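Asker: Sharing a structure here in structure tokens format.
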Amino acid sequence: MAKEITSRQQDYSQWYNDLVLKGGLADYSAVRGCMVIKPYGYALWENMRDQLDRMFKDTGHQNAYFPLFVPKSLFEAEEKNAEGFAKECAVVTHYRLKNDPSAKGKLIVDPEAKLEEELVVRPTSEAVIWNTYKDWIQSYRDLPILINQWANVVRWEMRTRLFLRTAEFLWQEGHTAHATKDEAMIETVKMLDVYAKFAEEFMALPVIKGVKTESERFAGAEDTYCIEALMQDGKALQAGTSHFLGQNFAKAFDVKFLNKENQQEYVWATSWGVSTRLIGALVMAHSDDDGLILPPKIAPLQVVIVPIFNKDAEAKKKIDETAGRLMRELKDIGVRVKYDDSDNSRPGWKFAEYEMKGVPVRIAIGARDIENNVAEVARRDTKEKQTVSLEGMAGYVGGLLNDIQQAIFEKAKAYRDAHITPANSWDEFEKILDEKGGFVSAHWDGSAETEDAIKEKTKATIRCIPLDNEQEEGKCILTGKPSRQRVLFARAY
RNA sequence: CGGGAGGUAGUUCAGCCCGGUAGAAUACCUGGUUUGGGACCAGGGGGUCGCAGGUUCGAAUCCUGUCCUCCCGACCA
């Protein structure tokens, strides 16, 4: 059994790596644990980023940028945060190289150029940002501060995976400061809602909003809210987090403000982030054996037009004209479309290629079609082909893109919903994890010890306590102690 | 950091056990025929066999060291 699971996991990893590599999203790089995001993958990220950015601005946030390097003394100011990240920090200790006296053409680190204080390459930016906010905040009139930054961070993980866990990754991190606890808590949940909306509406990725248990909480946070998604292999993936930081960072960095009553108070903080990991989530949630399946709303390319032509120049010209007209119509309604009339590859090759890249809609036009004033429209998600009249084609395709977006979401949601399974006994609990996978909804006595013990036995962790959770009396799945509600367990990435 | 598998042409890999001229497929270039689901023919270019030592007349192959990658585990918000 264990062997089967291991081999299944290996196959799944292989499937995933192939999707990313052959889909043209990314490559391995020469640097340990890092990856190269290729133009196609980056275009996808840009679409996601632009949409998120709009949503942040719609909720009153502004972008700014803070330094990559964090002096060690600043980094260690918030103890829990520092401790949580200490094991995975890249550290700059020197600022200069010099020629190696014993090997021509080689360089060595100049021992003379040792930094007085080491610089930590940010694994997250709370420390630099709160050290800055300290100078920005004096009065309640300076609050709230609602800032987001798009940046890269470095976390020196033992084991990396394309997009899901790389040593360096791109993300956004919002850092807000508020006058009251209530306001900060509202902000935390508001941004969680933004993430959930983005995941579901744009990535077609159904997510469960919830709160983390103490052991899964962000280092330095009072509460960590998250959106959890389910992958097709039955493992869960944390897709985004929003943290209520309380006054922990304010106290660590001495960020106080004078309230209306002329009293000094510590400010209340939140931080929230999503990363290029979302691309991994997208790949694993929707793709099939023929390649990627990208949701139309964020796909770099929504429609590809493939001409079917031979040496007949006259026929090719007609196809070009028809395709050109169709392209203009599609662009007019805001569709991202490409006409691939390259002579390097034949139609069959192109079909396979664009399927691998997950382009939602393919339109094939040949001389035969033009005689009949039609074209062949194929959708990537179901692989259905239809012959559609060229009259009103743009409108048809626009509608089809919406249908596909919806269909991908519904499919993922049906899978997810079918994989939230209640367990009422330990045997059942283990059996579901081993055989079916997905989320297991079970009672838990609320203690970190029990959570650890369950993890030890099954590798499953508590993904979250869903926000809209029903209260229900029950007994802990492991210890039998009383419990007031079920929580969601799963094996996770 | 432990276990396993690997590093040879742009890519995927064979060759290694048993040392003796560097291979295949694919991609690429030229010409031609093709084009409705990854075309075919002919010709051509391309590799410090991860790196460093050692053994040997001779090393991709054997030995030692070292670096890197992937998978599993540990670790990880």
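Each chain in the structure tokens gets a letter, A, B, ..., in the order shown, and its residues are numbered from 1; ligands are numbered from 1 in order too.
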Could you pull out the strand (DSSP E) residues of segment 44-101 of chain A from DSSP and send them as a PyMOL selection string?

Answerer: chain A and resi 62-63+69-71+91-94+97-99

Asker: Taking all heavy atoms for each residue, export the selection above as a short mmCIF file (atom, residue, chain, number, x, y, z; two decimals), in the first residue's frame.

Answerer:
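File produced: out36.cif:
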data_model
loop_
_atom_site.label_atom_id
_atom_site.label_comp_id
_atom_site.auth_asym_id
_atom_site.auth_seq_id
_atom_site.Cartn_x
_atom_site.Cartn_y
_atom_site.Cartn_z
N GLN A 62 -2.28 50.96 -1.90
CA GLN A 62 -1.31 51.53 -2.82
C GLN A 62 -0.08 50.63 -2.86
O GLN A 62 0.23 49.95 -1.90
CB GLN A 62 -0.85 52.90 -2.32
CG GLN A 62 -1.91 53.97 -2.37
CD GLN A 62 -1.37 55.28 -1.82
OE1 GLN A 62 -1.01 55.36 -0.64
NE2 GLN A 62 -1.29 56.29 -2.66
N ASN A 63 0.66 50.72 -3.98
CA ASN A 63 1.89 49.95 -4.08
C ASN A 63 3.10 50.78 -3.65
O ASN A 63 3.13 51.99 -3.83
CB ASN A 63 2.12 49.48 -5.51
CG ASN A 63 1.19 48.34 -5.88
OD1 ASN A 63 0.82 47.53 -5.03
ND2 ASN A 63 0.80 48.28 -7.14
N PHE A 69 17.23 43.63 1.32
CA PHE A 69 18.09 43.20 2.44
C PHE A 69 17.55 43.68 3.78
O PHE A 69 17.12 44.81 3.91
CB PHE A 69 19.50 43.77 2.26
CG PHE A 69 20.16 43.31 1.00
CD1 PHE A 69 20.56 44.22 0.04
CD2 PHE A 69 20.39 41.96 0.76
CE1 PHE A 69 21.17 43.80 -1.13
CE2 PHE A 69 20.99 41.53 -0.40
CZ PHE A 69 21.39 42.45 -1.36
N VAL A 70 17.64 42.80 4.74
CA VAL A 70 17.20 43.13 6.09
C VAL A 70 18.39 42.97 7.03
O VAL A 70 18.89 41.86 7.21
CB VAL A 70 16.08 42.18 6.57
CG1 VAL A 70 15.46 42.68 7.86
CG2 VAL A 70 15.04 41.99 5.49
N PRO A 71 18.85 44.06 7.65
CA PRO A 71 19.93 43.92 8.62
C PRO A 71 19.51 42.92 9.70
O PRO A 71 18.35 42.93 10.13
CB PRO A 71 20.07 45.33 9.20
CG PRO A 71 19.50 46.23 8.15
CD PRO A 71 18.43 45.46 7.47
N VAL A 91 21.91 34.60 3.72
CA VAL A 91 22.53 35.70 4.45
C VAL A 91 23.71 36.25 3.66
O VAL A 91 24.56 35.49 3.19
CB VAL A 91 23.04 35.23 5.83
CG1 VAL A 91 23.56 36.40 6.65
CG2 VAL A 91 21.93 34.51 6.58
N VAL A 92 23.76 37.56 3.53
CA VAL A 92 24.89 38.20 2.86
C VAL A 92 25.91 38.57 3.92
O VAL A 92 25.60 39.29 4.88
CB VAL A 92 24.46 39.48 2.11
CG1 VAL A 92 25.66 40.13 1.45
CG2 VAL A 92 23.40 39.15 1.07
N THR A 93 27.13 38.07 3.76
CA THR A 93 28.16 38.33 4.76
C THR A 93 29.29 39.20 4.23
O THR A 93 30.05 39.78 5.00
CB THR A 93 28.78 37.00 5.25
OG1 THR A 93 29.23 36.29 4.10
CG2 THR A 93 27.76 36.18 6.01
N HIS A 94 29.44 39.27 2.90
CA HIS A 94 30.54 40.03 2.30
C HIS A 94 30.01 40.90 1.17
O HIS A 94 28.97 40.61 0.59
CB HIS A 94 31.62 39.09 1.75
CG HIS A 94 32.36 38.36 2.81
ND1 HIS A 94 31.80 37.31 3.51
CD2 HIS A 94 33.61 38.51 3.31
CE1 HIS A 94 32.67 36.85 4.39
NE2 HIS A 94 33.78 37.57 4.30
N LEU A 97 34.32 40.68 -4.08
CA LEU A 97 35.14 39.54 -4.49
C LEU A 97 36.50 40.07 -4.90
O LEU A 97 36.66 41.26 -5.12
CB LEU A 97 34.51 38.83 -5.70
CG LEU A 97 33.12 38.23 -5.50
CD1 LEU A 97 32.57 37.76 -6.84
CD2 LEU A 97 33.16 37.06 -4.52
N LYS A 98 37.47 39.18 -5.00
CA LYS A 98 38.74 39.61 -5.58
C LYS A 98 39.38 38.45 -6.33
O LYS A 98 38.95 37.30 -6.21
CB LYS A 98 39.68 40.12 -4.48
CG LYS A 98 40.14 39.04 -3.51
CD LYS A 98 41.21 39.61 -2.58
CE LYS A 98 41.91 38.52 -1.81
NZ LYS A 98 42.94 39.04 -0.93
N ASN A 99 40.39 38.76 -7.13
CA ASN A 99 41.07 37.72 -7.89
C ASN A 99 41.72 36.72 -6.95
O ASN A 99 42.30 37.10 -5.94
CB ASN A 99 42.13 38.33 -8.80
CG ASN A 99 41.49 39.11 -9.94
OD1 ASN A 99 40.44 38.72 -10.45
ND2 ASN A 99 42.10 40.23 -10.30
#

Asker: Write out as a list in words each polymer residue whose atoms come within 12 Å of A60 of chain B, counting only C-alpha atoms (C1' of nucleotides); drop sequence neighbours fewer than 5 positions from it.

Answerer: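 The filter keeps G7, U8, G15, C16, G19, A22, G23, G47, U48, C49 and G50 of chain B.
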
Asker: Generate a file of the selected residues that holds N, CA and C atoms (P, O5', C5', C4', C3', O3' and C1' of nucleotides), formatted as a PDB file, in the first residue's frame.

Answerer:
ATOM      1  P     G B   7      23.456   9.641 -16.424  1.00  0.00           P
ATOM      2  O5'   G B   7      23.574  11.210 -16.263  1.00  0.00           O
ATOM      3  C5'   G B   7      22.616  12.081 -16.888  1.00  0.00           C
ATOM      4  C4'   G B   7      23.077  13.505 -16.731  1.00  0.00           C
ATOM      5  C3'   G B   7      24.396  13.796 -17.425  1.00  0.00           C
ATOM      6  O3'   G B   7      24.366  15.091 -18.007  1.00  0.00           O
ATOM      7  C1'   G B   7      24.587  14.251 -15.101  1.00  0.00           C
ATOM      8  P     U B   8      24.100  15.166 -19.576  1.00  0.00           P
ATOM      9  O5'   U B   8      25.242  14.264 -20.204  1.00  0.00           O
ATOM     10  C5'   U B   8      26.538  14.796 -20.410  1.00  0.00           C
ATOM     11  C4'   U B   8      27.155  14.171 -21.621  1.00  0.00           C
ATOM     12  C3'   U B   8      26.295  14.201 -22.876  1.00  0.00           C
ATOM     13  O3'   U B   8      26.337  15.460 -23.529  1.00  0.00           O
ATOM     14  C1'   U B   8      27.129  12.036 -22.595  1.00  0.00           C
ATOM     15  P     G B  15      23.017   1.355 -21.933  1.00  0.00           P
ATOM     16  O5'   G B  15      24.333   1.601 -22.773  1.00  0.00           O
ATOM     17  C5'   G B  15      24.723   0.685 -23.789  1.00  0.00           C
ATOM     18  C4'   G B  15      25.997   1.173 -24.432  1.00  0.00           C
ATOM     19  C3'   G B  15      27.235   1.172 -23.526  1.00  0.00           C
ATOM     20  O3'   G B  15      27.883  -0.090 -23.576  1.00  0.00           O
ATOM     21  C1'   G B  15      27.064   3.247 -24.699  1.00  0.00           C
ATOM     22  P     C B  16      27.892  -1.035 -22.269  1.00  0.00           P
ATOM     23  O5'   C B  16      28.827  -0.223 -21.284  1.00  0.00           O
ATOM     24  C5'   C B  16      30.212  -0.039 -21.565  1.00  0.00           C
ATOM     25  C4'   C B  16      30.896   0.616 -20.387  1.00  0.00           C
ATOM     26  C3'   C B  16      30.746  -0.131 -19.069  1.00  0.00           C
ATOM     27  O3'   C B  16      31.946  -0.026 -18.336  1.00  0.00           O
ATOM     28  C1'   C B  16      29.838   2.046 -18.865  1.00  0.00           C
ATOM     29  P     G B  19      37.524  -3.915 -19.605  1.00  0.00           P
ATOM     30  O5'   G B  19      37.412  -2.618 -20.502  1.00  0.00           O
ATOM     31  C5'   G B  19      36.314  -1.715 -20.386  1.00  0.00           C
ATOM     32  C4'   G B  19      36.685  -0.431 -21.083  1.00  0.00           C
ATOM     33  C3'   G B  19      37.301  -0.634 -22.459  1.00  0.00           C
ATOM     34  O3'   G B  19      36.951   0.466 -23.283  1.00  0.00           O
ATOM     35  C1'   G B  19      38.863   0.410 -21.030  1.00  0.00           C
ATOM     36  P     A B  22      36.705   8.963 -30.328  1.00  0.00           P
ATOM     37  O5'   A B  22      35.123   8.874 -30.416  1.00  0.00           O
ATOM     38  C5'   A B  22      34.469   7.680 -30.043  1.00  0.00           C
ATOM     39  C4'   A B  22      32.978   7.838 -30.191  1.00  0.00           C
ATOM     40  C3'   A B  22      32.552   8.508 -31.491  1.00  0.00           C
ATOM     41  O3'   A B  22      31.398   7.840 -31.998  1.00  0.00           O
ATOM     42  C1'   A B  22      31.643   9.671 -29.650  1.00  0.00           C
ATOM     43  P     G B  23      31.119   7.818 -33.589  1.00  0.00           P
ATOM     44  O5'   G B  23      29.661   7.185 -33.653  1.00  0.00           O
ATOM     45  C5'   G B  23      28.527   8.002 -33.427  1.00  0.00           C
ATOM     46  C4'   G B  23      27.432   7.125 -32.918  1.00  0.00           C
ATOM     47  C3'   G B  23      26.034   7.670 -33.150  1.00  0.00           C
ATOM     48  O3'   G B  23      25.566   7.345 -34.449  1.00  0.00           O
ATOM     49  C1'   G B  23      26.262   7.013 -30.906  1.00  0.00           C
ATOM     50  P     G B  47      30.930  20.644 -31.596  1.00  0.00           P
ATOM     51  O5'   G B  47      30.486  19.818 -30.317  1.00  0.00           O
ATOM     52  C5'   G B  47      29.648  20.383 -29.300  1.00  0.00           C
ATOM     53  C4'   G B  47      29.568  19.426 -28.151  1.00  0.00           C
ATOM     54  C3'   G B  47      30.915  18.995 -27.584  1.00  0.00           C
ATOM     55  O3'   G B  47      31.347  19.912 -26.608  1.00  0.00           O
ATOM     56  C1'   G B  47      29.452  17.125 -27.865  1.00  0.00           C
ATOM     57  P     U B  48      32.752  20.652 -26.819  1.00  0.00           P
ATOM     58  O5'   U B  48      33.795  19.705 -26.147  1.00  0.00           O
ATOM     59  C5'   U B  48      33.429  18.985 -24.997  1.00  0.00           C
ATOM     60  C4'   U B  48      34.619  18.301 -24.436  1.00  0.00           C
ATOM     61  C3'   U B  48      34.347  17.852 -23.003  1.00  0.00           C
ATOM     62  O3'   U B  48      35.171  16.752 -22.724  1.00  0.00           O
ATOM     63  C1'   U B  48      36.043  19.444 -23.017  1.00  0.00           C
ATOM     64  P     C B  49      34.702  15.339 -22.896  1.00  0.00           P
ATOM     65  O5'   C B  49      33.155  15.587 -22.601  1.00  0.00           O
ATOM     66  C5'   C B  49      32.676  15.578 -21.269  1.00  0.00           C
ATOM     67  C4'   C B  49      31.402  14.785 -21.176  1.00  0.00           C
ATOM     68  C3'   C B  49      31.400  13.820 -19.994  1.00  0.00           C
ATOM     69  O3'   C B  49      30.098  13.836 -19.456  1.00  0.00           O
ATOM     70  C1'   C B  49      31.029  12.626 -21.987  1.00  0.00           C
ATOM     71  P     G B  50      29.732  13.616 -17.989  1.00  0.00           P
ATOM     72  O5'   G B  50      29.747  15.059 -17.305  1.00  0.00           O
ATOM     73  C5'   G B  50      29.301  16.205 -18.017  1.00  0.00           C
ATOM     74  C4'   G B  50      29.434  17.410 -17.136  1.00  0.00           C
ATOM     75  C3'   G B  50      30.836  17.660 -16.600  1.00  0.00           C
ATOM     76  O3'   G B  50      31.622  18.394 -17.529  1.00  0.00           O
ATOM     77  C1'   G B  50      29.290  17.767 -14.824  1.00  0.00           C
TER      78        G B  50
END

Asker: Give me, as a tab-separated table, each residue of chain B that comes within 6 Å of chain A, together with its shortest interatomic pair and the distance in Å at one decimal, counting only C-alpha atoms (C1' of nucleotides), with rows ordered by chain and rising residue number.

Answerer:
residue	atom	partner	partner_atom	distance
B:U35	C1'	A:Asn310	CA	5.4
B:G37	C1'	A:Gly348	CA	4.3
B:G38	C1'	A:Trp349	CA	4.1
B:A77	C1'	A:Phe218	CA	4.7

Asker: Using only C-alpha atoms (C1' of nucleotides), which of the listed residues (B:U61, B:C13, B:G44, B:U69) sits closest to Cys34 of chain A?

Answerer: B:U69

Asker: Would you mind listing what lies within 12 Å of A25 of chain B as a list in words, with only C-alpha atoms (C1' of nucleotides) counted and same-chain residues fewer than 2 positions away left out?

Answerer: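 Non-adjacent residues within range: A9, U11, U12, C13, A14, G23 and A27 of chain B.
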
Asker: What lies within 10 Å of Pro206 of chain A using only C-alpha atoms (C1' of nucleotides), ignoring chain neighbours under 3 positions off, as a ChimeraX atom specification?

Answerer: /A:196-201,203,209,227-230,285,409-417

Asker: Write out as a list in words which residues come within 12 Å of Ile37 of chain A when counting only C-alpha atoms (C1' of nucleotides), dropping same-chain ones fewer than 6 positions away.

Answerer: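 Those residues are Val20, Leu21, Gly23, Gly24, Leu25, Ala26, Asp27, Tyr28, Ser29, Ala43, Leu44, Trp45, Glu46, Leu162, Phe163, Thr166, Glu168, Phe169, Leu170, Thr276 and Ile279 of chain A.
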
Asker: Please produce a file of those selected residues containing N, CA, C and O atoms, as a PDB file, in the first residue's frame.

Answerer:
ATOM      1  N   VAL A  20       4.471  21.698 -16.518  1.00  0.00           N
ATOM      2  CA  VAL A  20       5.126  22.996 -16.369  1.00  0.00           C
ATOM      3  C   VAL A  20       6.189  23.195 -17.450  1.00  0.00           C
ATOM      4  O   VAL A  20       6.256  24.245 -18.088  1.00  0.00           O
ATOM      5  N   LEU A  21       6.990  22.160 -17.685  1.00  0.00           N
ATOM      6  CA  LEU A  21       8.091  22.278 -18.636  1.00  0.00           C
ATOM      7  C   LEU A  21       7.587  22.295 -20.084  1.00  0.00           C
ATOM      8  O   LEU A  21       7.919  23.182 -20.856  1.00  0.00           O
ATOM      9  N   GLY A  23       4.540  22.720 -21.099  1.00  0.00           N
ATOM     10  CA  GLY A  23       3.566  23.787 -21.297  1.00  0.00           C
ATOM     11  C   GLY A  23       4.238  25.134 -21.517  1.00  0.00           C
ATOM     12  O   GLY A  23       3.581  26.118 -21.809  1.00  0.00           O
ATOM     13  N   GLY A  24       5.557  25.168 -21.334  1.00  0.00           N
ATOM     14  CA  GLY A  24       6.288  26.400 -21.617  1.00  0.00           C
ATOM     15  C   GLY A  24       6.207  27.438 -20.514  1.00  0.00           C
ATOM     16  O   GLY A  24       6.453  28.613 -20.745  1.00  0.00           O
ATOM     17  N   LEU A  25       5.865  27.013 -19.302  1.00  0.00           N
ATOM     18  CA  LEU A  25       5.732  27.987 -18.222  1.00  0.00           C
ATOM     19  C   LEU A  25       7.077  28.319 -17.583  1.00  0.00           C
ATOM     20  O   LEU A  25       7.357  29.474 -17.286  1.00  0.00           O
ATOM     21  N   ALA A  26       7.893  27.278 -17.354  1.00  0.00           N
ATOM     22  CA  ALA A  26       9.151  27.517 -16.635  1.00  0.00           C
ATOM     23  C   ALA A  26      10.187  26.466 -16.980  1.00  0.00           C
ATOM     24  O   ALA A  26       9.869  25.437 -17.578  1.00  0.00           O
ATOM     25  N   ASP A  27      11.403  26.737 -16.594  1.00  0.00           N
ATOM     26  CA  ASP A  27      12.517  25.808 -16.750  1.00  0.00           C
ATOM     27  C   ASP A  27      13.265  25.713 -15.430  1.00  0.00           C
ATOM     28  O   ASP A  27      13.224  26.638 -14.629  1.00  0.00           O
ATOM     29  N   TYR A  28      13.982  24.626 -15.253  1.00  0.00           N
ATOM     30  CA  TYR A  28      14.917  24.568 -14.138  1.00  0.00           C
ATOM     31  C   TYR A  28      16.024  25.569 -14.430  1.00  0.00           C
ATOM     32  O   TYR A  28      16.330  25.846 -15.578  1.00  0.00           O
ATOM     33  N   SER A  29      16.635  26.066 -13.393  1.00  0.00           N
ATOM     34  CA  SER A  29      17.724  27.012 -13.626  1.00  0.00           C
ATOM     35  C   SER A  29      19.012  26.426 -13.102  1.00  0.00           C
ATOM     36  O   SER A  29      19.032  25.384 -12.455  1.00  0.00           O
ATOM     37  N   ALA A  43       3.715  35.738 -18.665  1.00  0.00           N
ATOM     38  CA  ALA A  43       2.518  36.417 -19.162  1.00  0.00           C
ATOM     39  C   ALA A  43       1.307  36.000 -18.337  1.00  0.00           C
ATOM     40  O   ALA A  43       0.432  36.815 -18.017  1.00  0.00           O
ATOM     41  N   LEU A  44       1.274  34.740 -17.968  1.00  0.00           N
ATOM     42  CA  LEU A  44       0.197  34.246 -17.110  1.00  0.00           C
ATOM     43  C   LEU A  44       0.240  34.950 -15.755  1.00  0.00           C
ATOM     44  O   LEU A  44      -0.770  35.415 -15.236  1.00  0.00           O
ATOM     45  N   TRP A  45       1.446  35.033 -15.194  1.00  0.00           N
ATOM     46  CA  TRP A  45       1.630  35.705 -13.916  1.00  0.00           C
ATOM     47  C   TRP A  45       1.221  37.180 -14.021  1.00  0.00           C
ATOM     48  O   TRP A  45       0.571  37.724 -13.128  1.00  0.00           O
ATOM     49  N   GLU A  46       1.597  37.819 -15.117  1.00  0.00           N
ATOM     50  CA  GLU A  46       1.234  39.234 -15.299  1.00  0.00           C
ATOM     51  C   GLU A  46      -0.277  39.425 -15.313  1.00  0.00           C
ATOM     52  O   GLU A  46      -0.795  40.382 -14.721  1.00  0.00           O
ATOM     53  N   LEU A 162       8.937  23.095  -8.741  1.00  0.00           N
ATOM     54  CA  LEU A 162       8.582  24.182  -9.652  1.00  0.00           C
ATOM     55  C   LEU A 162       7.299  24.872  -9.198  1.00  0.00           C
ATOM     56  O   LEU A 162       6.286  24.212  -8.972  1.00  0.00           O
ATOM     57  N   PHE A 163       7.343  26.160  -9.058  1.00  0.00           N
ATOM     58  CA  PHE A 163       6.224  27.014  -8.658  1.00  0.00           C
ATOM     59  C   PHE A 163       5.718  26.777  -7.228  1.00  0.00           C
ATOM     60  O   PHE A 163       5.385  27.720  -6.522  1.00  0.00           O
ATOM     61  N   THR A 166       9.848  27.231  -4.435  1.00  0.00           N
ATOM     62  CA  THR A 166      11.160  27.515  -5.011  1.00  0.00           C
ATOM     63  C   THR A 166      11.939  28.373  -4.030  1.00  0.00           C
ATOM     64  O   THR A 166      11.348  29.040  -3.177  1.00  0.00           O
ATOM     65  N   GLU A 168      13.630  31.029  -4.529  1.00  0.00           N
ATOM     66  CA  GLU A 168      13.226  32.421  -4.722  1.00  0.00           C
ATOM     67  C   GLU A 168      11.873  32.396  -5.391  1.00  0.00           C
ATOM     68  O   GLU A 168      11.644  31.579  -6.284  1.00  0.00           O
ATOM     69  N   PHE A 169      10.978  33.245  -4.954  1.00  0.00           N
ATOM     70  CA  PHE A 169       9.709  33.329  -5.674  1.00  0.00           C
ATOM     71  C   PHE A 169       9.171  34.749  -5.706  1.00  0.00           C
ATOM     72  O   PHE A 169       9.608  35.612  -4.961  1.00  0.00           O
ATOM     73  N   LEU A 170       8.261  34.968  -6.646  1.00  0.00           N
ATOM     74  CA  LEU A 170       7.628  36.281  -6.797  1.00  0.00           C
ATOM     75  C   LEU A 170       6.317  36.255  -6.036  1.00  0.00           C
ATOM     76  O   LEU A 170       5.623  35.242  -6.025  1.00  0.00           O
ATOM     77  N   THR A 276       3.695  33.170  -6.744  1.00  0.00           N
ATOM     78  CA  THR A 276       3.695  32.399  -7.990  1.00  0.00           C
ATOM     79  C   THR A 276       3.287  30.942  -7.746  1.00  0.00           C
ATOM     80  O   THR A 276       3.066  30.196  -8.680  1.00  0.00           O
ATOM     81  N   ILE A 279       0.342  29.669  -9.560  1.00  0.00           N
ATOM     82  CA  ILE A 279       0.463  29.068 -10.891  1.00  0.00           C
ATOM     83  C   ILE A 279       0.534  27.552 -10.761  1.00  0.00           C
ATOM     84  O   ILE A 279      -0.072  26.817 -11.540  1.00  0.00           O
TER      85      ILE A 279
END

Asker: Please extract the residues of segment 18-181 of chain A with a backbone DSSP assignment of alpha helix (DSSP H) and present them as a ChimeraX atom specification.

Answerer: /A:18-22,39-58,72-75,79-86,126-136,181

Asker: Report as a ChimeraX atom specification all protein, DNA and RNA residues lying within 10 Å of G32 of chain B, evaluated on only C-alpha atoms (C1' of nucleotides), omitting residues in the same chain fewer than 2 positions from it.

Answerer: /B:34,41-42
